[in-house]
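Let me begin by presenting the structure, written as structure tokens, before commenting on it.
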Number of protein chains: 2
Amino acid sequence: MTSPAERAARLDAEDPLAPLRERFVLPDGVVYLDGNSLGPLGQGVPERVDDVVRRQWGEHLIRAWNDDDWWTAPLRIGDRIGRLVGAAAGQVTVGEPTSVQLFQALTGAARLRPDRRLLLSDAAHFPTNRYLAGSVARLLGLTVREVPAAGLPAALAESGPEVAAISYGAVDFRTGDRLDVAGLTAAAHAAGALAVWDLSHAAGALALELDADEVDLAVGCTYKYLNGGPGSPAFIYVAHRHQAGLDLPLTGWHGHATPFGMTAQFEPAAGIAQARIGTVPIVSLLALDRALDVFDDVGLAAVRRKNQQLGDFFIDLVDDLAAGTGLEVASPRDRERRGSQVTLSHPDALPVMAALIHRGVIGDLRPPNLLRFGLGAPYTRYADVVTAVETLTGVLRSGEHRRPEYAVRRTVT
Amino acid sequence: MTSPAERAARLDAEDPLAPLRERFVLPDGVVYLDGNSLGPLGQGVPERVDDVVRRQWGEHLIRAWNDDDWWTAPLRIGDRIGRLVGAAAGQVTVGEPTSVQLFQALTGAARLRPDRRLLLSDAAHFPTNRYLAGSVARLLGLTVREVPAAGLPAALAESGPEVAAISYGAVDFRTGDRLDVAGLTAAAHAAGALAVWDLSHAAGALALELDADEVDLAVGCTYKYLNGGPGSPAFIYVAHRHQAGLDLPLTGWHGHATPFGMTAQFEPAAGIAQARIGTVPIVSLLALDRALDVFDDVGLAAVRRKNQQLGDFFIDLVDDLAAGTGLEVASPRDRERRGSQVTLSHPDALPVMAALIHRGVIGDLRPPNLLRFGLGAPYTRYADVVTAVETLTGVLRSGEHRRPEYAVRRTVT
């Protein structure tokens with residue numbers, strides 16, 4: 001029987017994406033499995049950022065809006081992201097934070113179905129999604145019904161004619177459950193409702209097909225699997241067929257039909273440009289632009305195949321090595337139903353993750369008992385998975401996580 | 001009689017703020033009078049940004065949220081801005097775009113006066129402010145009445161009991177008219193209404209006193225006179241007395257009382273932290289943080305004195321040199337009623353500004369006929385004003401602006 005290290009060596013040697021790791025700056029002594037919170041720094045990004053700061057801002061000053069194409073950047077980079085999520089050009093813009101894009105998308109979707117008063121939202125949704133659904137519902141006089149994804153078809157069958165929109169995440173942030181975007185979108189449509197998808201844990205990791213799946217609106221974070229950098233701006237997708245009737249709440253001058261006319265009334269720009277709001281954080285946006293170069297010659301199908309295989313390998317190792325440690329696999333074992341992460345549960349998750357991070361294996365924690373490990377296919381080696389699982393089981397078997405210094409909750413993990 | 005150059009030389013020699021210019025990176029051959037659109041690059045900012053990208057993001061990865069205090073940055077930097085606008089600690093946070101902060105502030109203000117259905121907003125307000133006032137009013141069932149600032153006291157006297165809030169800019173973006181923040185806030189309060197101020201063209205240029213003037217809510221841009229860089233995140237101020245009753249629409253998880261509890265219901269954090277929304281653009285935010293160092297040992301009273309004097313000198317030179325050119329002064333001549341810019345009008349404003357920029361004097365244009373010149377006191381010399389006015393009048397007298405290449409409107413000026 002081959003050892004985990006031997007199996008990993010063979011898988012790494014056969015991995016067609018292995019060379020992509022060279023496109024990232026990864027610190028020595030660290031196994032980084034938290035790219036689902038913050039993707040790592042790409043090679044070339046610091047140089048690009050320095051050029052934006054010193055030459056574009058510093059030398060060109062206000063002229064950079066034209067000379068360096070700052071003005072067109074949100075739509076240009078939106079189209080680059082569109083190619084990674086299966087969206088033809090002209091349907092994606094990028095610039096505002098995820099929460100803001102989500103507020104836009106939920107309000108926009110509800111206004112496209114003005115006679116319907118119900119929003120169905122995932123009971124397991126990320127907190128901001130839940131809070132904002134409530135806020136949008138309050139502003140528009142709607143009701144939010146929280147329904148687990150498994151119950152969504154039944155809820156649509158029951159309340160279909162009342163449902164304006166459904167709001168779900170393509171991948172559950174806690175467990176990594178992958179939802180059936182095409183199937184649930186079709187179910188929504190069968191009820192006359194729209195489907196709003198949050199792609200934060202999917203963009204850059206799954207082979208999304210927004211156009212083919214007839215998704216209506218979507219938003220997504222760019223600092224996770226798209227590696228855009230801390231707080232890099234989020235994107236919004238609005239399918240072509242909805243753009244003419246779109247009616248968004250954050251009516252900023254960049255989304256105006258004639259922004260430099262500075263007219264008294266808001267008149268939305270044609271197309272996805274109407275989803276622009278105001279001046280976007282250019283330095284953060286152009287860091288993202290450079291980070292996306294990683295995907296220029298890489299198909300998302302290959303990325304997806306690798307993160308599925310990494311996940312299978314991770315779970316196999318847990319099965320082999322973790323007996324009696326109290327660890328349980330909380331993610332789906334079926335690779336088709338799993339996103340690009342493996343989540344384990346353990347009653348001592350907090351100090352266990354602290355001990356792991358101390359040893360250089362960086363995952364994160366979702367209270368009370370979940371340990372998350374993101375599998376960024378472009379830079380994660382099978383050997384990293386071995387290190388992670390062996391370190392994890394080693395910590396548990398040695399009781400190292402019971403040291404007092406690991407009992408303290410840090411602000412962010 | 002002394003020449004303009006001689007007068008400028010004397011004023012520059014006597015200027016106590018003259019050494020501050022060394023804190024900026026300004027390109028050779030350029031007189032930059034567009035800091036009211038995009039402030040120039042500060043010394044040390046590129047190095048700080050590079051450190052954030054390479055060391056904090058690249059090496060610390062997700063750990064930077066704790067180790068480099070990313071999590072606390074919006075409130076810490078908010079307090080830094082607070083000191084520049086006359087706000088005691090705990091009333092300012094920074095992170096989202098200006099439009100988003102404005103949406104928050106207008107909605108929050110209206111909800112603090114739930115029995116009143118009228119918003120008074122400046123008929124000369126920046127387009128986004130006008131559009132967003134309309135959007136907020138529509139969502140909350142309010143009416144917006146656009147009233148020029150001069151008519152505001154009369155409008156409040158007439159409709160006071162119906163007015164939830166007034167929404168005005170401390171400085172008119174076109175003409176540079178400075179409004180009486182204290183007086184108009186007091187007039188609003190006398191009517192039982194709240195005052196929401198947009199400080200975009202005032203923060204970093206005027207000696208604002210938000211607390212002393214009893215301002216209720218305010219927002220402001222940081223990439224103009226605070227020199228934070230292109231699209232650097234905006235701030236929101238909520239006076240302590242309103243924080244307990246605040247009810248904001250963009251309910252993101254960073255504004256939650258226990259963000260990492262990830263609970264089902266939104267419960268706002270105590271204090272100004274409730275105005276946080278989600279993950280902010282860290283690279284752009286920390287560039288701003290470093291840029292603010294310029295003001296560490298500089299009082300805004302001195303900055304204000306200098307930009308008043310620069311403005312007086314600018315207008316004097318126009319009076320002396322521009323006779324017969326068609327130029328008119330569109331800003332107030334009274335330095336107390338003028339912000340930190342001088343606006344001139346000319347029927348050929350568009351090609352005139354194009355010719356000026358070609359000659360290295362950078363101002364900007366507000367259609368159809370306004371030429372704007374921002375006077376960033378920390379880096380503008382009196383000699384720059386001479387260059388600007390002499391170049392401007394030279395262009396007009398030579399007819400250089402009639403060359404065909406200057407007739408084309410660029411996207412952004």
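Residue numbers start at 1 in each chain; chains themselves are named A, B, ... in the order of the structure tokens; ligands are numbered from 1 in the order shown.
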Chain B onto chain A, all Cα, least squares, as a short mmCIF file (atom, residue, chain, number, x, y, z; two decimals) with C-alpha atoms, in the first residue's frame:
data_model
loop_
_atom_site.label_atom_id
_atom_site.label_comp_id
_atom_site.auth_asym_id
_atom_site.auth_seq_id
_atom_site.Cartn_x
_atom_site.Cartn_y
_atom_site.Cartn_z
CA MET B 1 -0.03 -0.01 -0.06
CA THR B 2 1.32 3.40 -1.00
CA SER B 3 1.72 6.11 1.60
CA PRO B 4 -0.23 9.40 1.39
CA ALA B 5 2.99 11.18 0.42
CA GLU B 6 3.58 8.73 -2.41
CA ARG B 7 0.04 9.07 -3.65
CA ALA B 8 0.34 12.85 -3.54
CA ALA B 9 3.63 12.80 -5.39
CA ARG B 10 2.07 10.80 -8.20
CA LEU B 11 -0.99 13.05 -8.37
CA ASP B 12 1.13 16.20 -8.37
CA ALA B 13 3.36 14.80 -11.11
CA GLU B 14 0.31 14.06 -13.27
CA ASP B 15 -1.44 17.37 -12.53
CA PRO B 16 -1.76 19.46 -15.70
CA LEU B 17 -2.36 22.59 -13.60
CA ALA B 18 0.70 22.12 -11.42
CA PRO B 19 2.70 24.82 -13.27
CA LEU B 20 0.10 27.45 -12.29
CA ARG B 21 1.45 27.49 -8.76
CA GLU B 22 4.40 29.46 -10.09
CA ARG B 23 2.00 32.31 -10.84
CA PHE B 24 1.49 32.95 -7.13
CA VAL B 25 3.60 34.34 -4.32
CA LEU B 26 3.19 31.90 -1.46
CA PRO B 27 5.16 32.27 1.76
CA ASP B 28 7.53 29.52 2.79
CA GLY B 29 6.42 27.17 5.52
CA VAL B 30 2.72 27.70 4.91
CA VAL B 31 0.05 25.42 3.48
CA TYR B 32 -2.62 27.88 2.46
CA LEU B 33 -6.11 26.44 2.45
CA ASP B 34 -8.01 29.66 3.04
CA GLY B 35 -8.27 30.95 -0.49
CA ASN B 36 -12.03 30.73 -0.05
CA SER B 37 -11.65 33.67 2.35
CA LEU B 38 -8.75 35.54 0.75
CA GLY B 39 -6.99 34.24 -2.34
CA PRO B 40 -3.20 34.53 -2.39
CA LEU B 41 -1.14 37.21 -4.11
CA GLY B 42 -0.44 36.64 -7.79
CA GLN B 43 2.93 37.16 -9.38
CA GLY B 44 2.99 40.51 -11.13
CA VAL B 45 0.26 42.03 -8.98
CA PRO B 46 2.63 44.12 -6.81
CA GLU B 47 4.30 45.53 -9.91
CA ARG B 48 0.95 46.39 -11.49
CA VAL B 49 -0.27 48.07 -8.32
CA ASP B 50 2.94 50.04 -8.08
CA ASP B 51 2.49 51.19 -11.66
CA VAL B 52 -1.09 52.25 -10.98
CA VAL B 53 0.00 54.22 -7.93
CA ARG B 54 3.23 55.81 -9.13
CA ARG B 55 2.70 56.30 -12.85
CA GLN B 56 -1.06 56.38 -13.42
CA TRP B 57 -2.11 58.25 -10.29
CA GLY B 58 1.18 59.97 -9.47
CA GLU B 59 2.15 61.18 -12.95
CA HIS B 60 -1.03 61.19 -14.98
CA LEU B 61 -3.20 62.41 -12.14
CA ILE B 62 -6.77 63.13 -13.28
CA ARG B 63 -5.77 62.39 -16.89
CA ALA B 64 -5.50 58.71 -15.99
CA TRP B 65 -9.29 58.44 -16.20
CA ASN B 66 -8.82 58.67 -19.97
CA ASP B 67 -5.19 57.81 -20.56
CA ASP B 68 -5.17 54.66 -18.45
CA ASP B 69 -8.78 53.69 -19.17
CA TRP B 70 -9.93 53.95 -15.58
CA TRP B 71 -13.35 55.03 -16.75
CA THR B 72 -13.95 51.90 -18.78
CA ALA B 73 -12.29 49.52 -16.32
CA PRO B 74 -15.46 48.31 -14.50
CA LEU B 75 -17.05 47.07 -17.72
CA ARG B 76 -13.83 45.78 -19.26
CA ILE B 77 -12.95 43.80 -16.13
CA GLY B 78 -16.59 42.80 -15.80
CA ASP B 79 -16.35 41.14 -19.18
CA ARG B 80 -13.18 39.35 -18.10
CA ILE B 81 -15.05 37.93 -15.13
CA GLY B 82 -17.99 37.16 -17.39
CA ARG B 83 -15.80 34.80 -19.40
CA LEU B 84 -15.03 32.91 -16.17
CA VAL B 85 -18.69 32.46 -15.20
CA GLY B 86 -20.17 31.61 -18.57
CA ALA B 87 -21.53 35.06 -19.38
CA ALA B 88 -21.25 36.67 -22.80
CA ALA B 89 -19.93 40.24 -22.91
CA GLY B 90 -22.06 43.13 -21.71
CA GLN B 91 -23.67 41.51 -18.67
CA VAL B 92 -21.16 42.00 -15.86
CA THR B 93 -19.74 45.07 -14.16
CA VAL B 94 -17.42 45.22 -11.18
CA GLY B 95 -16.70 47.95 -8.68
CA GLU B 96 -18.79 47.98 -5.53
CA PRO B 97 -18.62 45.71 -2.48
CA THR B 98 -20.49 42.40 -2.55
CA SER B 99 -23.13 43.63 -0.12
CA VAL B 100 -23.91 46.60 -2.32
CA GLN B 101 -24.12 44.49 -5.46
CA LEU B 102 -26.44 42.13 -3.62
CA PHE B 103 -28.69 44.98 -2.51
CA GLN B 104 -28.84 46.10 -6.13
CA ALA B 105 -29.56 42.61 -7.43
CA LEU B 106 -32.28 41.75 -4.91
CA THR B 107 -34.03 45.08 -5.35
CA GLY B 108 -33.68 44.92 -9.12
CA ALA B 109 -35.05 41.38 -9.24
CA ALA B 110 -38.04 42.18 -7.04
CA ARG B 111 -38.88 45.20 -9.17
CA LEU B 112 -38.87 43.01 -12.26
CA ARG B 113 -41.71 41.05 -10.67
CA PRO B 114 -43.71 43.92 -9.15
CA ASP B 115 -46.89 41.95 -8.57
CA ARG B 116 -45.24 39.31 -6.40
CA ARG B 117 -44.52 39.85 -2.72
CA LEU B 118 -42.37 36.93 -1.63
CA LEU B 119 -38.60 36.41 -1.59
CA LEU B 120 -37.34 32.89 -0.98
CA SER B 121 -33.88 32.94 0.55
CA ASP B 122 -31.63 30.20 1.80
CA ALA B 123 -31.94 29.49 5.51
CA ALA B 124 -28.24 28.60 5.37
CA HIS B 125 -27.25 31.75 3.47
CA PHE B 126 -24.28 33.89 4.44
CA PRO B 127 -25.37 36.37 7.15
CA THR B 128 -25.15 39.46 4.92
CA ASN B 129 -27.42 37.79 2.37
CA ARG B 130 -29.99 37.07 5.06
CA TYR B 131 -29.79 40.56 6.54
CA LEU B 132 -30.00 42.30 3.18
CA ALA B 133 -32.91 40.19 2.01
CA GLY B 134 -34.71 41.40 5.11
CA SER B 135 -33.77 45.00 4.45
CA VAL B 136 -34.84 44.90 0.80
CA ALA B 137 -38.10 43.21 1.73
CA ARG B 138 -38.82 45.89 4.30
CA LEU B 139 -38.12 48.69 1.82
CA LEU B 140 -40.27 47.15 -0.90
CA GLY B 141 -43.03 45.76 1.27
CA LEU B 142 -42.14 42.13 0.61
CA THR B 143 -41.88 39.08 2.81
CA VAL B 144 -38.81 36.88 3.06
CA ARG B 145 -39.33 33.19 3.60
CA GLU B 146 -36.18 31.31 4.51
CA VAL B 147 -36.19 27.89 2.93
CA PRO B 148 -33.33 25.38 2.90
CA ALA B 149 -32.21 24.63 -0.64
CA ALA B 150 -33.54 21.09 -0.41
CA GLY B 151 -37.01 22.46 0.25
CA LEU B 152 -36.94 25.04 -2.49
CA PRO B 153 -38.72 23.03 -5.20
CA ALA B 154 -41.55 22.24 -2.78
CA ALA B 155 -41.78 25.87 -1.65
CA LEU B 156 -41.93 27.02 -5.26
CA ALA B 157 -44.60 24.46 -6.03
CA GLU B 158 -46.62 25.68 -3.06
CA SER B 159 -46.18 29.46 -3.29
CA GLY B 160 -44.94 29.92 -6.85
CA PRO B 161 -47.28 32.65 -8.05
CA GLU B 162 -46.35 34.82 -5.07
CA VAL B 163 -42.59 34.44 -5.44
CA ALA B 164 -40.75 37.37 -7.00
CA ALA B 165 -37.28 35.90 -6.68
CA ILE B 166 -35.18 33.23 -5.07
CA SER B 167 -31.84 34.15 -3.50
CA TYR B 168 -29.33 31.35 -3.02
CA GLY B 169 -25.60 30.77 -3.02
CA ALA B 170 -24.09 28.48 -5.62
CA VAL B 171 -21.92 27.00 -2.87
CA ASP B 172 -22.79 26.97 0.83
CA PHE B 173 -20.12 29.00 2.64
CA ARG B 174 -20.09 26.68 5.63
CA THR B 175 -20.35 23.18 4.28
CA GLY B 176 -19.30 23.62 0.67
CA ASP B 177 -22.57 22.10 -0.59
CA ARG B 178 -22.91 22.93 -4.25
CA LEU B 179 -26.44 23.79 -5.30
CA ASP B 180 -27.89 22.93 -8.68
CA VAL B 181 -27.86 26.38 -10.28
CA ALA B 182 -29.44 25.22 -13.53
CA GLY B 183 -32.12 23.09 -11.90
CA LEU B 184 -33.16 25.58 -9.22
CA THR B 185 -33.16 28.43 -11.74
CA ALA B 186 -35.44 26.37 -13.96
CA ALA B 187 -37.70 25.64 -10.98
CA ALA B 188 -37.90 29.35 -10.21
CA HIS B 189 -38.70 30.14 -13.83
CA ALA B 190 -41.41 27.47 -13.91
CA ALA B 191 -43.05 29.40 -11.08
CA GLY B 192 -42.59 32.71 -12.91
CA ALA B 193 -39.94 33.86 -10.42
CA LEU B 194 -36.41 35.11 -11.01
CA ALA B 195 -33.24 33.50 -9.69
CA VAL B 196 -30.57 35.63 -8.00
CA TRP B 197 -27.37 33.71 -7.33
CA ASP B 198 -24.50 34.59 -5.04
CA LEU B 199 -21.37 33.21 -6.67
CA SER B 200 -18.94 34.28 -3.96
CA HIS B 201 -17.77 30.74 -3.25
CA ALA B 202 -18.09 29.58 -6.84
CA ALA B 203 -16.57 32.14 -9.23
CA GLY B 204 -13.09 31.00 -10.20
CA ALA B 205 -13.69 27.51 -8.82
CA LEU B 206 -16.72 26.04 -10.61
CA ALA B 207 -17.35 25.83 -14.33
CA LEU B 208 -20.32 28.20 -14.09
CA GLU B 209 -22.56 28.71 -17.10
CA LEU B 210 -24.75 31.67 -16.22
CA ASP B 211 -26.04 32.24 -19.73
CA ALA B 212 -26.67 28.59 -20.52
CA ASP B 213 -28.35 28.07 -17.14
CA GLU B 214 -30.55 31.11 -17.77
CA VAL B 215 -29.61 32.75 -14.49
CA ASP B 216 -31.35 36.10 -14.10
CA LEU B 217 -29.09 38.11 -11.81
CA ALA B 218 -25.98 37.17 -9.89
CA VAL B 219 -23.33 38.74 -7.72
CA GLY B 220 -19.96 37.54 -6.58
CA CYS B 221 -16.94 38.30 -4.55
CA THR B 222 -13.56 38.58 -6.28
CA TYR B 223 -11.14 38.16 -3.39
CA LYS B 224 -11.77 34.45 -2.86
CA TYR B 225 -11.13 32.12 -5.80
CA LEU B 226 -10.48 35.03 -8.16
CA ASN B 227 -7.58 36.16 -5.93
CA GLY B 228 -8.27 39.88 -6.37
CA GLY B 229 -6.82 40.97 -3.05
CA PRO B 230 -8.35 42.01 0.27
CA GLY B 231 -11.73 43.62 -0.30
CA SER B 232 -11.32 43.73 -4.07
CA PRO B 233 -14.56 44.94 -5.64
CA ALA B 234 -17.43 42.58 -6.35
CA PHE B 235 -19.31 41.97 -9.58
CA ILE B 236 -22.91 41.95 -10.63
CA TYR B 237 -24.39 40.03 -13.56
CA VAL B 238 -27.70 40.98 -15.16
CA ALA B 239 -28.82 38.83 -18.08
CA HIS B 240 -29.26 40.78 -21.32
CA ARG B 241 -32.99 40.01 -21.38
CA HIS B 242 -33.57 41.90 -18.11
CA GLN B 243 -31.44 44.95 -18.79
CA ALA B 244 -34.04 47.01 -20.61
CA GLY B 245 -36.51 46.72 -17.73
CA LEU B 246 -34.00 47.01 -14.91
CA ASP B 247 -34.67 49.51 -12.13
CA LEU B 248 -31.86 49.64 -9.58
CA PRO B 249 -31.91 51.56 -6.31
CA LEU B 250 -28.36 52.91 -6.16
CA THR B 251 -28.68 55.51 -8.86
CA GLY B 252 -25.20 56.98 -9.06
CA TRP B 253 -23.90 59.17 -11.83
CA HIS B 254 -21.61 56.51 -13.35
CA GLY B 255 -24.74 54.51 -14.20
CA HIS B 256 -26.37 57.41 -16.01
CA ALA B 257 -26.99 57.41 -19.77
CA THR B 258 -24.97 60.65 -20.06
CA PRO B 259 -22.86 60.85 -16.93
CA PHE B 260 -21.04 64.02 -17.93
CA GLY B 261 -24.25 65.72 -18.91
CA MET B 262 -24.93 65.94 -15.17
CA THR B 263 -28.63 66.27 -15.75
CA ALA B 264 -31.27 66.66 -13.08
CA GLN B 265 -33.02 63.33 -13.58
CA PHE B 266 -31.57 59.86 -13.43
CA GLU B 267 -31.79 58.11 -16.74
CA PRO B 268 -30.15 54.69 -16.68
CA ALA B 269 -27.44 53.89 -19.17
CA ALA B 270 -28.21 51.21 -21.71
CA GLY B 271 -27.02 47.73 -20.88
CA ILE B 272 -25.06 46.65 -17.85
CA ALA B 273 -23.50 50.12 -17.49
CA GLN B 274 -26.66 51.13 -15.60
CA ALA B 275 -25.42 48.96 -12.73
CA ARG B 276 -22.40 51.20 -12.25
CA ILE B 277 -22.82 53.54 -9.31
CA GLY B 278 -19.95 55.89 -8.57
CA THR B 279 -16.19 56.12 -8.54
CA VAL B 280 -14.78 52.70 -7.76
CA PRO B 281 -11.63 51.92 -5.76
CA ILE B 282 -9.26 51.99 -8.71
CA VAL B 283 -6.16 50.65 -6.97
CA SER B 284 -8.03 47.64 -5.61
CA LEU B 285 -9.86 47.16 -8.92
CA LEU B 286 -6.70 47.17 -11.03
CA ALA B 287 -5.00 44.74 -8.65
CA LEU B 288 -7.91 42.41 -9.41
CA ASP B 289 -7.46 43.04 -13.12
CA ARG B 290 -3.89 41.80 -13.00
CA ALA B 291 -4.81 38.89 -10.72
CA LEU B 292 -7.28 37.62 -13.33
CA ASP B 293 -4.40 37.05 -15.76
CA VAL B 294 -3.89 33.70 -14.01
CA PHE B 295 -6.98 32.43 -15.80
CA ASP B 296 -6.10 33.72 -19.26
CA ASP B 297 -5.04 30.33 -20.57
CA VAL B 298 -6.83 28.09 -18.08
CA GLY B 299 -10.28 26.67 -18.53
CA LEU B 300 -12.57 26.55 -15.54
CA ALA B 301 -13.41 22.94 -16.40
CA ALA B 302 -9.81 21.99 -15.62
CA VAL B 303 -9.83 24.06 -12.44
CA ARG B 304 -13.03 22.37 -11.39
CA ARG B 305 -11.71 18.87 -12.15
CA LYS B 306 -8.68 19.52 -10.01
CA ASN B 307 -10.54 20.93 -7.01
CA GLN B 308 -12.89 17.94 -7.12
CA GLN B 309 -9.92 15.59 -7.13
CA LEU B 310 -8.21 17.55 -4.34
CA GLY B 311 -11.41 17.31 -2.33
CA ASP B 312 -11.76 13.57 -2.91
CA PHE B 313 -8.14 13.08 -1.88
CA PHE B 314 -8.64 15.24 1.23
CA ILE B 315 -11.68 13.25 2.31
CA ASP B 316 -9.95 9.93 1.60
CA LEU B 317 -7.07 10.95 3.83
CA VAL B 318 -9.42 12.02 6.61
CA ASP B 319 -11.10 8.64 6.36
CA ASP B 320 -7.72 6.90 6.49
CA LEU B 321 -6.05 8.97 9.20
CA ALA B 322 -8.65 10.53 11.45
CA ALA B 323 -10.40 7.53 12.98
CA GLY B 324 -11.12 8.19 16.65
CA THR B 325 -10.12 11.88 16.57
CA GLY B 326 -13.69 13.17 16.57
CA LEU B 327 -13.33 14.69 13.11
CA GLU B 328 -16.27 14.27 10.76
CA VAL B 329 -16.64 15.22 7.15
CA ALA B 330 -19.31 17.94 6.91
CA SER B 331 -19.03 18.49 3.15
CA PRO B 332 -20.73 16.27 0.59
CA ARG B 333 -18.67 13.22 -0.33
CA ASP B 334 -20.10 13.33 -3.83
CA ARG B 335 -17.72 15.55 -5.80
CA GLU B 336 -20.56 16.80 -7.96
CA ARG B 337 -22.42 18.09 -4.94
CA ARG B 338 -19.34 19.68 -3.37
CA GLY B 339 -17.80 23.07 -4.14
CA SER B 340 -14.11 23.79 -3.86
CA GLN B 341 -13.69 23.29 -0.13
CA VAL B 342 -13.77 20.52 2.42
CA THR B 343 -15.40 21.28 5.74
CA LEU B 344 -14.83 19.09 8.75
CA SER B 345 -16.58 19.28 12.06
CA HIS B 346 -14.97 18.89 15.45
CA PRO B 347 -16.22 19.90 18.91
CA ASP B 348 -12.90 21.70 19.57
CA ALA B 349 -12.83 23.42 16.19
CA LEU B 350 -11.68 26.76 17.58
CA PRO B 351 -8.49 25.68 19.35
CA VAL B 352 -7.79 23.05 16.70
CA MET B 353 -7.72 25.69 13.97
CA ALA B 354 -5.58 27.96 16.14
CA ALA B 355 -3.06 25.15 16.60
CA LEU B 356 -3.13 24.34 12.88
CA ILE B 357 -2.46 27.97 11.94
CA HIS B 358 0.37 28.05 14.45
CA ARG B 359 1.89 25.12 12.58
CA GLY B 360 1.47 26.86 9.23
CA VAL B 361 -1.62 25.09 7.93
CA ILE B 362 -4.07 27.89 7.31
CA GLY B 363 -7.73 27.13 7.05
CA ASP B 364 -10.52 28.91 8.85
CA LEU B 365 -13.32 28.46 11.29
CA ARG B 366 -17.06 28.82 11.15
CA PRO B 367 -18.56 28.67 14.61
CA PRO B 368 -19.26 26.69 16.49
CA ASN B 369 -17.65 23.52 15.19
CA LEU B 370 -16.65 23.78 11.52
CA LEU B 371 -13.13 23.71 10.14
CA ARG B 372 -13.02 24.96 6.55
CA PHE B 373 -10.32 24.13 4.04
CA GLY B 374 -10.47 25.88 0.69
CA LEU B 375 -8.86 24.14 -2.26
CA GLY B 376 -7.60 26.76 -4.67
CA ALA B 377 -6.80 24.52 -7.62
CA PRO B 378 -4.35 26.87 -9.34
CA TYR B 379 -1.90 26.77 -6.43
CA THR B 380 -2.81 23.85 -4.13
CA ARG B 381 -0.74 20.69 -4.39
CA TYR B 382 -1.85 17.24 -3.39
CA ALA B 383 1.20 17.25 -1.11
CA ASP B 384 -0.34 20.25 0.68
CA VAL B 385 -3.43 18.18 1.40
CA VAL B 386 -1.26 15.49 2.96
CA THR B 387 0.50 18.07 5.13
CA ALA B 388 -2.84 19.54 6.18
CA VAL B 389 -4.54 16.27 7.13
CA GLU B 390 -1.44 14.82 8.80
CA THR B 391 -0.92 18.02 10.78
CA LEU B 392 -4.56 18.12 11.75
CA THR B 393 -4.70 14.55 12.94
CA GLY B 394 -1.32 14.97 14.62
CA VAL B 395 -2.60 17.96 16.59
CA LEU B 396 -5.67 16.03 17.68
CA ARG B 397 -3.79 12.89 18.65
CA SER B 398 -1.16 14.80 20.64
CA GLY B 399 -3.75 17.02 22.33
CA GLU B 400 -1.71 20.04 21.31
CA HIS B 401 -4.89 22.01 20.72
CA ARG B 402 -5.58 21.93 24.45
CA ARG B 403 -2.73 24.32 25.17
CA PRO B 404 -4.12 27.48 26.76
CA GLU B 405 -2.77 29.79 24.05
CA TYR B 406 -5.13 28.24 21.53
CA ALA B 407 -8.25 28.89 23.57
CA VAL B 408 -8.45 32.57 22.69
CA ARG B 409 -10.76 33.61 19.88
CA ARG B 410 -9.10 35.99 17.49
CA THR B 411 -11.23 38.58 15.74
CA VAL B 412 -10.99 36.93 12.36
CA THR B 413 -9.90 33.45 11.44
#
Practice prompt. Just list the residues in segment 288-393 of chain B DSSP gives strand (DSSP E) on the backbone, as a PyMOL selection string.
Written response: chain B and resi 328-329+341-345+361-362+364-366+370-374
Discussion item. With DSSP run on the backbone, what are the helix (DSSP H, G or I) residues within segment 313-404 of chain A? I'd like them as a ChimeraX atom specification.
Written reply: /A:313-321,335-337,349-358,382-398,400-402,404
